[in-house]
file model-v1.txt (compact mmCIF, C-alpha atoms and all ligand atoms)
# COMPACT_ATOMS: atom_id res chain seq x y z
CA MET T 1 0.00 0.00 0.00
CA LYS T 2 1.30 3.43 -0.90
CA ASN T 3 1.93 5.96 1.89
CA ILE T 4 2.06 3.37 4.68
CA ASP T 5 5.33 4.76 6.08
CA LYS T 6 3.85 8.24 6.36
CA LEU T 7 0.78 6.80 8.09
CA LYS T 8 2.99 4.87 10.52
CA SER T 9 4.77 8.07 11.44
CA ILE T 10 1.58 9.95 12.38
CA ILE T 11 -0.42 7.38 14.32
CA ARG T 12 -0.01 6.31 17.94
CA GLY T 13 -2.05 3.09 17.95
CA LYS T 14 -0.88 -0.36 16.88
CA ILE T 15 -0.46 -1.01 13.18
CA LYS T 16 0.26 -4.43 11.70
CA GLU T 17 1.15 -4.70 8.04
CA ASN T 18 -0.01 -7.63 5.90
CA GLU T 19 -1.99 -8.95 8.82
CA MET T 20 -3.85 -12.20 8.13
CA MET T 21 -7.53 -11.54 8.68
CA ALA T 22 -8.01 -15.22 9.58
CA LYS T 23 -6.72 -14.17 13.00
CA HIS T 24 -9.55 -11.68 13.38
CA THR T 25 -12.59 -13.61 12.18
CA TYR T 26 -14.65 -16.30 13.93
CA TYR T 27 -14.51 -18.30 10.69
CA GLY T 28 -10.72 -18.30 10.96
CA ILE T 29 -10.70 -17.35 7.28
CA GLY T 30 -9.28 -14.32 5.47
CA GLY T 31 -6.09 -13.27 3.69
CA PRO T 32 -3.83 -10.32 4.49
CA ALA T 33 -5.04 -6.77 5.03
CA ASP T 34 -2.57 -4.08 3.94
CA ALA T 35 -2.73 -2.67 7.46
CA TYR T 36 -4.67 -3.71 10.56
CA ILE T 37 -4.95 -0.84 13.02
CA THR T 38 -6.23 -0.42 16.54
CA PRO T 39 -6.33 3.35 17.13
CA GLN T 40 -5.14 4.48 20.54
CA ASP T 41 -7.98 6.91 21.20
CA ARG T 42 -10.47 9.24 19.50
CA ASN T 43 -7.81 11.72 18.36
CA ASP T 44 -5.74 8.94 16.86
CA LEU T 45 -8.82 7.56 15.11
CA SER T 46 -9.53 11.02 13.71
CA THR T 47 -5.97 11.33 12.33
CA ILE T 48 -6.19 7.91 10.66
CA LEU T 49 -9.61 8.48 9.11
CA GLN T 50 -8.63 11.89 7.74
CA TYR T 51 -5.42 10.44 6.33
CA ALA T 52 -7.27 7.58 4.62
CA ASN T 53 -9.84 10.02 3.26
CA LYS T 54 -7.30 12.49 1.86
CA ASN T 55 -5.23 9.73 0.27
CA SER T 56 -8.22 7.76 -1.07
CA ILE T 57 -7.22 4.67 0.90
CA PRO T 58 -10.17 2.33 1.52
CA ALA T 59 -10.93 1.83 5.23
CA TYR T 60 -12.97 -1.04 6.69
CA PHE T 61 -14.23 -1.20 10.26
CA ILE T 62 -14.58 -4.45 12.17
CA GLY T 63 -15.42 -5.56 15.69
CA SER T 64 -14.59 -9.14 16.64
CA GLY T 65 -15.28 -10.63 13.18
CA SER T 66 -18.15 -12.86 14.31
CA ASN T 67 -20.33 -11.89 11.37
CA LEU T 68 -17.71 -11.62 8.65
CA LEU T 69 -16.45 -13.59 5.69
CA VAL T 70 -13.16 -12.12 4.46
CA SER T 71 -11.72 -13.16 1.11
CA ASP T 72 -8.62 -15.40 0.92
CA GLU T 73 -7.09 -12.67 -1.27
CA GLY T 74 -7.29 -10.30 1.67
CA ILE T 75 -8.13 -6.63 1.86
CA ASN T 76 -6.62 -3.71 -0.04
CA GLY T 77 -6.68 -0.89 2.42
CA LEU T 78 -6.89 -0.31 6.16
CA VAL T 79 -8.84 -2.39 8.65
CA LEU T 80 -9.68 -0.51 11.83
CA SER T 81 -10.93 -2.18 14.98
CA PRO T 82 -11.73 -0.61 18.38
CA GLY T 83 -9.45 -3.30 19.85
CA LYS T 84 -8.48 -2.64 23.46
CA SER T 85 -8.81 1.14 23.21
CA PHE T 86 -12.57 1.67 23.15
CA LYS T 87 -13.45 -0.43 26.20
CA HIS T 88 -15.07 1.93 28.68
CA LEU T 89 -18.30 0.69 30.30
CA GLU T 90 -20.24 2.68 32.88
CA PHE T 91 -23.57 2.39 34.64
CA ASN T 92 -25.45 5.18 36.34
CA ASP T 93 -28.78 3.94 37.72
CA CYS T 94 -30.63 2.72 34.60
CA ASN T 95 -28.25 4.51 32.24
CA LEU T 96 -25.60 2.52 30.48
CA PHE T 97 -22.69 4.02 28.53
CA ALA T 98 -20.38 1.72 26.57
CA GLU T 99 -17.66 2.17 23.99
CA SER T 100 -17.77 0.17 20.78
CA GLY T 101 -15.01 -2.30 21.68
CA VAL T 102 -16.78 -3.61 24.79
CA MET T 103 -17.95 -7.17 24.22
CA LEU T 104 -21.73 -7.48 24.11
CA GLY T 105 -21.55 -10.45 26.50
CA ARG T 106 -19.92 -8.27 29.14
CA ILE T 107 -22.57 -5.56 28.74
CA VAL T 108 -25.34 -8.15 29.09
CA ARG T 109 -23.78 -9.79 32.17
CA GLU T 110 -23.11 -6.46 33.89
CA SER T 111 -26.70 -5.31 33.21
CA ILE T 112 -28.13 -8.53 34.64
CA LYS T 113 -25.99 -8.16 37.77
CA ARG T 114 -27.63 -4.77 38.39
CA ASN T 115 -31.16 -6.13 37.82
CA LEU T 116 -31.44 -4.09 34.64
CA SER T 117 -33.59 -5.61 31.95
CA GLY T 118 -33.62 -5.09 28.17
CA LEU T 119 -30.55 -6.90 26.92
CA GLU T 120 -30.71 -10.29 28.64
CA SER T 121 -32.15 -12.12 25.62
CA LEU T 122 -28.91 -11.23 23.78
CA ILE T 123 -26.90 -13.45 26.13
CA GLY T 124 -24.60 -15.61 24.02
CA VAL T 125 -24.53 -13.35 20.95
CA PRO T 126 -20.81 -13.01 20.23
CA GLY T 127 -19.16 -9.75 19.22
CA THR T 128 -18.57 -6.16 20.23
CA LEU T 129 -21.08 -3.39 20.85
CA GLY T 130 -20.02 -1.71 17.56
CA GLY T 131 -20.79 -4.84 15.55
CA ALA T 132 -24.05 -5.38 17.43
CA LEU T 133 -25.26 -1.86 16.60
CA VAL T 134 -24.38 -2.10 12.91
CA MET T 135 -26.07 -5.50 12.66
CA ASN T 136 -28.92 -4.57 15.01
CA ALA T 137 -28.10 -7.85 16.71
CA GLY T 138 -31.11 -9.64 18.07
CA ALA T 139 -32.20 -12.90 19.63
CA PHE T 140 -35.24 -14.41 21.32
CA GLY T 141 -37.39 -11.32 20.82
CA GLY T 142 -34.84 -8.63 21.86
CA GLU T 143 -32.78 -6.30 19.69
CA ILE T 144 -29.83 -4.13 20.67
CA SER T 145 -31.62 -1.02 19.33
CA ASN T 146 -34.63 -1.43 21.66
CA TYR T 147 -33.27 0.56 24.61
CA LEU T 148 -30.84 2.76 22.67
CA GLN T 149 -30.70 6.48 23.50
CA SER T 150 -27.79 7.77 21.40
CA VAL T 151 -24.76 6.71 19.40
CA ASP T 152 -21.55 8.61 18.63
CA VAL T 153 -19.78 7.80 15.37
CA MET T 154 -16.75 9.30 13.64
CA ASN T 155 -16.93 10.13 9.94
CA MET T 156 -14.09 10.10 7.41
CA ARG T 157 -13.39 13.79 8.08
CA GLY T 158 -12.52 12.78 11.61
CA GLU T 159 -15.58 14.50 13.09
CA ILE T 160 -17.82 13.03 15.77
CA VAL T 161 -21.49 12.85 14.84
CA SER T 162 -24.14 12.09 17.48
CA TYR T 163 -27.29 10.23 16.55
CA THR T 164 -30.47 9.54 18.46
CA PRO T 165 -32.75 6.68 17.37
CA LYS T 166 -34.91 9.31 15.61
CA ASN T 167 -32.10 9.90 13.09
CA LEU T 168 -31.45 6.19 12.57
CA ASP T 169 -33.33 3.29 11.02
CA PHE T 170 -33.22 -0.14 12.58
CA SER T 171 -34.99 -3.27 11.45
CA TYR T 172 -34.30 -7.02 11.42
CA ARG T 173 -30.48 -7.33 11.12
CA PHE T 174 -30.34 -3.85 9.58
CA SER T 175 -29.16 -0.40 10.66
CA SER T 176 -28.74 2.79 8.66
CA PHE T 177 -25.14 3.53 9.78
CA LYS T 178 -22.94 4.30 6.78
CA THR T 179 -19.94 2.09 6.03
CA THR T 180 -17.87 5.29 6.34
CA GLU T 181 -18.87 5.79 10.00
CA PHE T 182 -16.81 4.26 12.79
CA ILE T 183 -19.01 3.59 15.83
CA ILE T 184 -17.39 4.99 18.96
CA SER T 185 -19.89 4.60 21.79
CA ALA T 186 -23.55 4.38 22.73
CA ASN T 187 -25.93 5.19 25.59
CA PHE T 188 -28.88 3.06 26.63
CA ILE T 189 -31.61 3.41 29.24
CA LEU T 190 -32.50 0.00 30.64
CA LYS T 191 -35.42 -0.99 32.85
CA GLU T 192 -35.26 -2.01 36.50
CA GLU T 193 -36.78 -5.46 36.80
CA ASP T 194 -37.30 -8.32 39.21
CA ALA T 195 -34.18 -10.54 39.19
CA ASN T 196 -36.27 -13.70 38.69
CA ILE T 197 -37.91 -12.36 35.56
CA ILE T 198 -34.53 -11.35 34.09
CA LYS T 199 -33.13 -14.78 34.93
CA LYS T 200 -36.08 -16.50 33.26
CA ASN T 201 -35.54 -14.51 30.04
CA LYS T 202 -31.80 -15.19 30.14
CA ASP T 203 -32.20 -18.93 30.76
CA HIS T 204 -34.73 -19.21 27.94
CA ALA T 205 -32.27 -17.57 25.51
CA ASN T 206 -29.32 -19.66 26.75
CA LYS T 207 -31.19 -22.92 26.43
CA GLY T 208 -32.53 -22.13 22.94
CA ARG T 209 -29.06 -21.22 21.71
CA LYS T 210 -27.39 -24.34 23.12
CA MET T 211 -30.08 -26.64 21.70
CA ASN T 212 -30.15 -25.22 18.19
CA GLN T 213 -26.71 -23.91 17.32
CA PRO T 214 -23.50 -25.77 16.44
CA LEU T 215 -21.48 -23.78 18.97
CA LYS T 216 -18.44 -26.09 18.96
CA PHE T 217 -17.54 -25.21 15.36
CA ARG T 218 -16.15 -22.11 13.70
CA SER T 219 -18.96 -20.16 12.05
CA ALA T 220 -20.32 -16.65 11.64
CA GLY T 221 -23.76 -17.49 12.98
CA SER T 222 -26.67 -17.36 10.54
CA VAL T 223 -25.44 -16.92 6.99
CA PHE T 224 -28.76 -15.67 5.55
CA LYS T 225 -31.52 -13.48 6.94
CA ASN T 226 -34.81 -15.25 7.46
CA PRO T 227 -37.11 -14.33 4.57
CA LYS T 228 -40.73 -13.39 5.30
CA ASN T 229 -42.69 -16.30 6.81
CA PHE T 230 -39.79 -18.79 6.72
CA ALA T 231 -36.60 -19.62 8.56
CA ALA T 232 -33.68 -19.69 6.10
CA GLY T 233 -32.40 -22.86 7.84
CA TYR T 234 -35.73 -24.60 7.22
CA LEU T 235 -35.57 -23.80 3.50
CA ILE T 236 -31.95 -24.96 3.17
CA ASP T 237 -32.83 -28.17 5.01
CA LYS T 238 -35.89 -28.73 2.79
CA VAL T 239 -33.79 -28.56 -0.40
CA GLY T 240 -31.65 -31.33 1.06
CA LEU T 241 -28.44 -29.41 1.71
CA LYS T 242 -27.90 -30.14 5.44
CA GLY T 243 -24.47 -31.72 5.80
CA THR T 244 -23.33 -30.72 2.28
CA LYS T 245 -19.57 -30.18 2.17
CA ILE T 246 -17.42 -28.16 -0.19
CA GLY T 247 -13.73 -28.39 0.59
CA ASP T 248 -13.51 -28.08 4.36
CA ALA T 249 -16.72 -26.06 4.69
CA GLU T 250 -20.01 -27.68 5.63
CA ILE T 251 -23.67 -26.76 5.99
CA SER T 252 -24.24 -27.69 9.62
CA THR T 253 -26.25 -30.84 10.24
CA GLN T 254 -27.57 -29.19 13.41
CA HIS T 255 -28.69 -25.83 11.94
CA ALA T 256 -28.75 -25.49 8.16
CA ASN T 257 -28.31 -21.69 8.24
CA PHE T 258 -24.92 -22.11 9.97
CA PHE T 259 -22.06 -22.88 7.57
CA ILE T 260 -19.06 -24.17 9.44
CA ASN T 261 -15.32 -24.28 8.88
CA ASN T 262 -14.11 -27.77 9.74
CA GLY T 263 -10.53 -26.55 9.95
CA LYS T 264 -9.04 -25.61 6.61
CA ALA T 265 -11.99 -24.09 4.74
CA SER T 266 -11.22 -21.24 2.36
CA SER T 267 -13.45 -18.26 1.71
CA SER T 268 -14.33 -19.76 -1.68
CA ASP T 269 -15.49 -23.01 0.01
CA ILE T 270 -17.96 -20.96 2.09
CA LEU T 271 -18.88 -18.80 -0.88
CA ASN T 272 -19.62 -21.85 -3.03
CA LEU T 273 -21.95 -23.19 -0.33
CA ILE T 274 -23.64 -19.77 -0.31
CA TYR T 275 -24.16 -19.89 -4.10
CA LEU T 276 -25.45 -23.45 -3.89
CA ALA T 277 -27.96 -22.71 -1.11
CA LYS T 278 -29.20 -19.55 -2.86
CA GLU T 279 -29.62 -21.35 -6.17
CA ARG T 280 -31.47 -24.37 -4.77
CA VAL T 281 -33.82 -22.32 -2.57
CA LYS T 282 -34.60 -20.04 -5.53
CA GLN T 283 -35.29 -23.06 -7.77
CA GLU T 284 -37.57 -24.88 -5.33
CA PHE T 285 -39.26 -22.03 -3.44
CA ASN T 286 -38.75 -19.00 -5.71
CA ILE T 287 -37.27 -17.17 -2.70
CA ASN T 288 -34.13 -15.02 -2.91
CA LEU T 289 -32.09 -15.60 0.22
CA GLU T 290 -30.34 -12.43 1.35
CA LEU T 291 -27.01 -12.55 3.18
CA GLU T 292 -26.90 -11.67 6.86
CA ILE T 293 -23.11 -12.07 7.11
CA LYS T 294 -20.97 -9.24 5.73
CA LEU T 295 -18.40 -9.90 3.03
CA ILE T 296 -15.12 -8.00 2.77
CA GLY T 297 -12.47 -8.20 0.07
CA PHE T 298 -14.51 -9.90 -2.68
CA LYS T 299 -14.63 -8.53 -6.21
CA GLU T 300 -18.03 -9.96 -7.09
CA LYS T 301 -21.32 -8.79 -5.54
CA ILE T 302 -23.48 -11.54 -4.07
C1 LIG O 401 -22.09 -18.76 17.08
C2 LIG O 401 -22.68 -17.44 16.64
C3 LIG O 401 -23.97 -17.11 17.04
C4 LIG O 401 -24.53 -15.89 16.64
N1 LIG O 401 -25.80 -15.59 17.06
C5 LIG O 401 -26.35 -14.41 16.72
C6 LIG O 401 -27.67 -14.05 17.17
O1 LIG O 401 -28.33 -14.80 17.89
N2 LIG O 401 -28.17 -12.85 16.80
C7 LIG O 401 -27.46 -11.99 16.01
O2 LIG O 401 -27.96 -10.89 15.72
N3 LIG O 401 -26.22 -12.29 15.56
C8 LIG O 401 -25.65 -13.48 15.89
N4 LIG O 401 -24.39 -13.79 15.43
C9 LIG O 401 -23.69 -12.87 14.53
C10 LIG O 401 -22.76 -11.86 15.23
O3 LIG O 401 -22.36 -12.35 16.48
C11 LIG O 401 -23.38 -10.49 15.38
O4 LIG O 401 -23.74 -9.95 14.14
C12 LIG O 401 -22.46 -9.51 16.13
O5 LIG O 401 -23.24 -8.42 16.56
C13 LIG O 401 -21.29 -9.02 15.29
O6 LIG O 401 -20.37 -8.31 16.15
P1 LIG O 401 -18.81 -8.18 15.80
O7 LIG O 401 -18.19 -7.26 16.76
O8 LIG O 401 -18.20 -9.53 15.71
O9 LIG O 401 -18.89 -7.50 14.37
P2 LIG O 401 -18.09 -7.88 13.04
O10 LIG O 401 -18.47 -9.25 12.60
O11 LIG O 401 -16.66 -7.59 13.20
O12 LIG O 401 -18.73 -6.81 12.04
C14 LIG O 401 -20.11 -6.86 11.70
C15 LIG O 401 -20.48 -5.58 10.94
O13 LIG O 401 -20.34 -4.47 11.81
C16 LIG O 401 -19.41 -3.51 11.30
N5 LIG O 401 -18.68 -2.98 12.46
C17 LIG O 401 -18.17 -3.68 13.52
N6 LIG O 401 -17.64 -2.83 14.43
C18 LIG O 401 -17.80 -1.57 13.94
C19 LIG O 401 -17.47 -0.25 14.41
N7 LIG O 401 -16.88 -0.05 15.60
N8 LIG O 401 -17.79 0.82 13.64
C20 LIG O 401 -18.40 0.64 12.45
N9 LIG O 401 -18.74 -0.58 11.94
C21 LIG O 401 -18.45 -1.66 12.68
C22 LIG O 401 -18.55 -4.29 10.32
O14 LIG O 401 -18.05 -3.43 9.31
C23 LIG O 401 -19.55 -5.29 9.76
O15 LIG O 401 -20.33 -4.69 8.75
C24 LIG O 401 -23.80 -15.00 15.82
C25 LIG O 401 -22.49 -15.34 15.43
C26 LIG O 401 -21.92 -16.54 15.84
C27 LIG O 401 -20.52 -16.86 15.43

call {"tool": "encode", "arguments": {"input": "model-v1.txt", "output": "structure tokens"}}
result
Amino acid sequence: MKNIDKLKSIIRGKIKENEMMAKHTYYGIGGPADAYITPQDRNDLSTILQYANKNSIPAYFIGSGSNLLVSDEGINGLVLSPGKSFKHLEFNDCNLFAESGVMLGRIVRESIKRNLSGLESLIGVPGTLGGALVMNAGAFGGEISNYLQSVDVMNMRGEIVSYTPKNLDFSYRFSSFKTTEFIISANFILKEEDANIIKKNKDHANKGRKMNQPLKFRSAGSVFKNPKNFAAGYLIDKVGLKGTKIGDAEISTQHANFFINNGKASSSDILNLIYLAKERVKQEFNINLELEIKLIGFKEKI
């Protein structure tokens, strides 16, 4: 990548050149990114984003990579992650403030400890707060956007923009954040609740997840969004693809919307399973399955 030495001289955070993205995705798949950066703080982030913008260097933002398929060819440009820098979490009565790098699991556990309800059904959803907001992560009837009060993002000019839910759209696995906005932090107002009720909600979510998901294998969770009136996994099962293998990738026998890496799967193994499932479901049900996972580094549009 051109200008990398100049960039190295102006930033304070960690920068790793030609970093294998397989190290940063739950799939354990992904070739080298030109530079993988964890900014030190907001000012550092601002410097990096402005530099990328002025020099027309593509910049991609990731959390913990639990919803990502990255190409074996890797990523031309910068990959920025909140890493260890954006980790502040604070409660004040029912108010919760968290930075984007805090793991969702920690937020959920800390809320439950304080008898605060609203997020407990998200127990077990992997990933960071930043990723959860972009994906509008949800499970067992709850969504991360439900109790949201505000979100701060940084744009490519290095400016902080504050949103309230009024300025944002959220729906099933969708948010209106732009791919050029790095999520910095968010505020929520949760609800005080009886500890037994919170525990019941949490246990229900935990049990459902353990029963239905192949949690021992590398995956990125559900590959496709559920189309109207159907579960994507049901449709993939009905067209007979459960257990189908391409290379070292497999459509889970436990949950057909989870595609797993049995160890050495490449991004094209997963991608070929995606094409196959889309094609067969279209043929038999005339339904276009839409991806839930996010793809980075691929030339073709899926
Ligand atoms: C076993 C398993 C079970 C799962 N179960 C569920 C479930 O029940 N419900 C559910 O909703 N999801 C589920 N997922 C998917 C995934 O955990 C969520 O989508 C999660 O919220 C992604 O968080 P992340 O930090 O890993 O984001 P990543 O995968 O790193 O990124 C996801 C998206 O967010 C963007 N992004 C991440 N951080 C930032 C940031 N700071 N600023 C700007 N953009 C950012 C990325 O560009 C990308 O578009 C599951 C995944 C696995 C592996």

call {"tool": "atom_distance", "arguments": {"input": "model-v1.txt", "atom1": "CA of Val223 (chain T)", "atom2": "CA of Arg173 (chain T)"}}
result
11.6 Å

call {"tool": "residues_near_ligand", "arguments": {"input": "model-v1.txt", "ligand": "ligand LIG 401 (chain O)", "cutoff": "6 Å", "atoms": "only C-alpha atoms and all ligand atoms", "output": "PDB file with C-alpha atoms, in the frame of the given file"}}
result
ATOM      1  CA  PHE T  61     -14.230  -1.200  10.260  1.00  0.00           C
ATOM      2  CA  ILE T  62     -14.580  -4.450  12.170  1.00  0.00           C
ATOM      3  CA  GLY T  63     -15.420  -5.560  15.690  1.00  0.00           C
ATOM      4  CA  SER T  64     -14.590  -9.140  16.640  1.00  0.00           C
ATOM      5  CA  GLY T  65     -15.280 -10.630  13.180  1.00  0.00           C
ATOM      6  CA  SER T  66     -18.150 -12.860  14.310  1.00  0.00           C
ATOM      7  CA  ASN T  67     -20.330 -11.890  11.370  1.00  0.00           C
ATOM      8  CA  LEU T  68     -17.710 -11.620   8.650  1.00  0.00           C
ATOM      9  CA  PRO T  82     -11.730  -0.610  18.380  1.00  0.00           C
ATOM     10  CA  SER T 100     -17.770   0.170  20.780  1.00  0.00           C
ATOM     11  CA  VAL T 125     -24.530 -13.350  20.950  1.00  0.00           C
ATOM     12  CA  PRO T 126     -20.810 -13.010  20.230  1.00  0.00           C
ATOM     13  CA  GLY T 127     -19.160  -9.750  19.220  1.00  0.00           C
ATOM     14  CA  THR T 128     -18.570  -6.160  20.230  1.00  0.00           C
ATOM     15  CA  GLY T 130     -20.020  -1.710  17.560  1.00  0.00           C
ATOM     16  CA  GLY T 131     -20.790  -4.840  15.550  1.00  0.00           C
ATOM     17  CA  ALA T 132     -24.050  -5.380  17.430  1.00  0.00           C
ATOM     18  CA  VAL T 134     -24.380  -2.100  12.910  1.00  0.00           C
ATOM     19  CA  MET T 135     -26.070  -5.500  12.660  1.00  0.00           C
ATOM     20  CA  ALA T 137     -28.100  -7.850  16.710  1.00  0.00           C
ATOM     21  CA  GLY T 138     -31.110  -9.640  18.070  1.00  0.00           C
ATOM     22  CA  ALA T 139     -32.200 -12.900  19.630  1.00  0.00           C
ATOM     23  CA  GLU T 181     -18.870   5.790  10.000  1.00  0.00           C
ATOM     24  CA  PHE T 182     -16.810   4.260  12.790  1.00  0.00           C
ATOM     25  CA  ILE T 183     -19.010   3.590  15.830  1.00  0.00           C
ATOM     26  CA  LEU T 215     -21.480 -23.780  18.970  1.00  0.00           C
ATOM     27  CA  SER T 219     -18.960 -20.160  12.050  1.00  0.00           C
ATOM     28  CA  ALA T 220     -20.320 -16.650  11.640  1.00  0.00           C
ATOM     29  CA  GLY T 221     -23.760 -17.490  12.980  1.00  0.00           C
ATOM     30  CA  LYS T 294     -20.970  -9.240   5.730  1.00  0.00           C
TER      31      LYS T 294
END

call {"tool": "closest_residue", "arguments": {"input": "model-v1.txt", "among": "T:Ser252, T:Ile270, T:Ala195, T:Glu290", "to": "Lys225 (chain T)", "atoms": "only C-alpha atoms"}}
result
T:Glu290

call {"tool": "atom_distance", "arguments": {"input": "model-v1.txt", "atom1": "CA of Lys299 (chain T)", "atom2": "CA of Ile37 (chain T)"}}
result
22.9 Å

call {"tool": "residues_around", "arguments": {"input": "model-v1.txt", "residues": "Phe91 (chain T)", "least_positions_apart": "4", "cutoff": "12 Å", "atoms": "only C-alpha atoms", "output": "ChimeraX atom specification"}}
result
/T:95-98,107,110-116,187-190

call {"tool": "closest_residue", "arguments": {"input": "model-v1.txt", "among": "T:Lys2, T:His24, T:Lys242, T:Lys216", "to": "Ser56 (chain T)", "atoms": "all atoms listed in the file"}}
result
T:Lys2

call {"tool": "atom_distance", "arguments": {"input": "model-v1.txt", "atom1": "CA of Glu193 (chain T)", "atom2": "CA of Cys94 (chain T)"}}
result
10.5 Å

call {"tool": "closest_residue", "arguments": {"input": "model-v1.txt", "among": "T:Asn212, T:Asn155, T:Asn201, T:Thr47", "to": "Phe140 (chain T)", "atoms": "all atoms listed in the file"}}
result
T:Asn201

call {"tool": "closest_residue", "arguments": {"input": "model-v1.txt", "among": "T:Ala231, T:Met156, T:Leu104, T:Leu273", "to": "Ile144 (chain T)", "atoms": "all atoms listed in the file"}}
result
T:Leu104

call {"tool": "closest_residue", "arguments": {"input": "model-v1.txt", "among": "T:Asn167, T:Met1, T:Met20, T:Gly30", "to": "Gly77 (chain T)", "atoms": "all atoms listed in the file"}}
result
T:Met1

call {"tool": "residues_around", "arguments": {"input": "model-v1.txt", "residues": "Asn3 (chain T)", "least_positions_apart": "4", "cutoff": "12 Å", "atoms": "all atoms listed in the file", "output": "PyMOL selection string"}}
result
chain T and resi 7-10+34-35+51-52+54-57+77-78

call {"tool": "closest_residue", "arguments": {"input": "model-v1.txt", "among": "T:Ala256, T:Ile75, T:Met211, T:Leu45", "to": "Val153 (chain T)", "atoms": "all atoms listed in the file"}}
result
T:Leu45

call {"tool": "decode", "arguments": {"input": "model-v1.txt", "residues": "region 265-277 of chain T", "atoms": "N, CA and C atoms", "output": "mmCIF file, in the first residue's frame"}}
result
data_model
loop_
_atom_site.group_PDB
_atom_site.id
_atom_site.type_symbol
_atom_site.label_atom_id
_atom_site.label_comp_id
_atom_site.auth_asym_id
_atom_site.auth_seq_id
_atom_site.Cartn_x
_atom_site.Cartn_y
_atom_site.Cartn_z
ATOM 1 N N ALA T 265 -11.125 -24.643 5.795
ATOM 2 C CA ALA T 265 -11.988 -24.093 4.738
ATOM 3 C C ALA T 265 -11.429 -22.765 4.234
ATOM 4 N N SER T 266 -11.615 -22.528 2.937
ATOM 5 C CA SER T 266 -11.221 -21.241 2.361
ATOM 6 C C SER T 266 -12.476 -20.396 2.212
ATOM 7 N N SER T 267 -12.266 -19.108 1.897
ATOM 8 C CA SER T 267 -13.449 -18.256 1.712
ATOM 9 C C SER T 267 -14.237 -18.738 0.504
ATOM 10 N N SER T 268 -13.551 -19.301 -0.518
ATOM 11 C CA SER T 268 -14.334 -19.764 -1.677
ATOM 12 C C SER T 268 -15.134 -21.020 -1.346
ATOM 13 N N ASP T 269 -14.660 -21.858 -0.411
ATOM 14 C CA ASP T 269 -15.489 -23.007 0.006
ATOM 15 C C ASP T 269 -16.816 -22.493 0.579
ATOM 16 N N ILE T 270 -16.723 -21.511 1.478
ATOM 17 C CA ILE T 270 -17.957 -20.961 2.094
ATOM 18 C C ILE T 270 -18.813 -20.295 1.019
ATOM 19 N N LEU T 271 -18.150 -19.520 0.162
ATOM 20 C CA LEU T 271 -18.880 -18.796 -0.882
ATOM 21 C C LEU T 271 -19.610 -19.765 -1.815
ATOM 22 N N ASN T 272 -18.970 -20.884 -2.138
ATOM 23 C CA ASN T 272 -19.621 -21.850 -3.027
ATOM 24 C C ASN T 272 -20.835 -22.493 -2.354
ATOM 25 N N LEU T 273 -20.756 -22.691 -1.042
ATOM 26 C CA LEU T 273 -21.950 -23.188 -0.328
ATOM 27 C C LEU T 273 -23.060 -22.139 -0.365
ATOM 28 N N ILE T 274 -22.653 -20.877 -0.256
ATOM 29 C CA ILE T 274 -23.644 -19.773 -0.308
ATOM 30 C C ILE T 274 -24.350 -19.779 -1.671
ATOM 31 N N TYR T 275 -23.565 -19.860 -2.746
ATOM 32 C CA TYR T 275 -24.161 -19.887 -4.097
ATOM 33 C C TYR T 275 -25.113 -21.069 -4.246
ATOM 34 N N LEU T 276 -24.653 -22.231 -3.755
ATOM 35 C CA LEU T 276 -25.454 -23.450 -3.889
ATOM 36 C C LEU T 276 -26.789 -23.305 -3.152
ATOM 37 N N ALA T 277 -26.732 -22.837 -1.906
ATOM 38 C CA ALA T 277 -27.964 -22.709 -1.109
ATOM 39 C C ALA T 277 -28.907 -21.698 -1.757
#
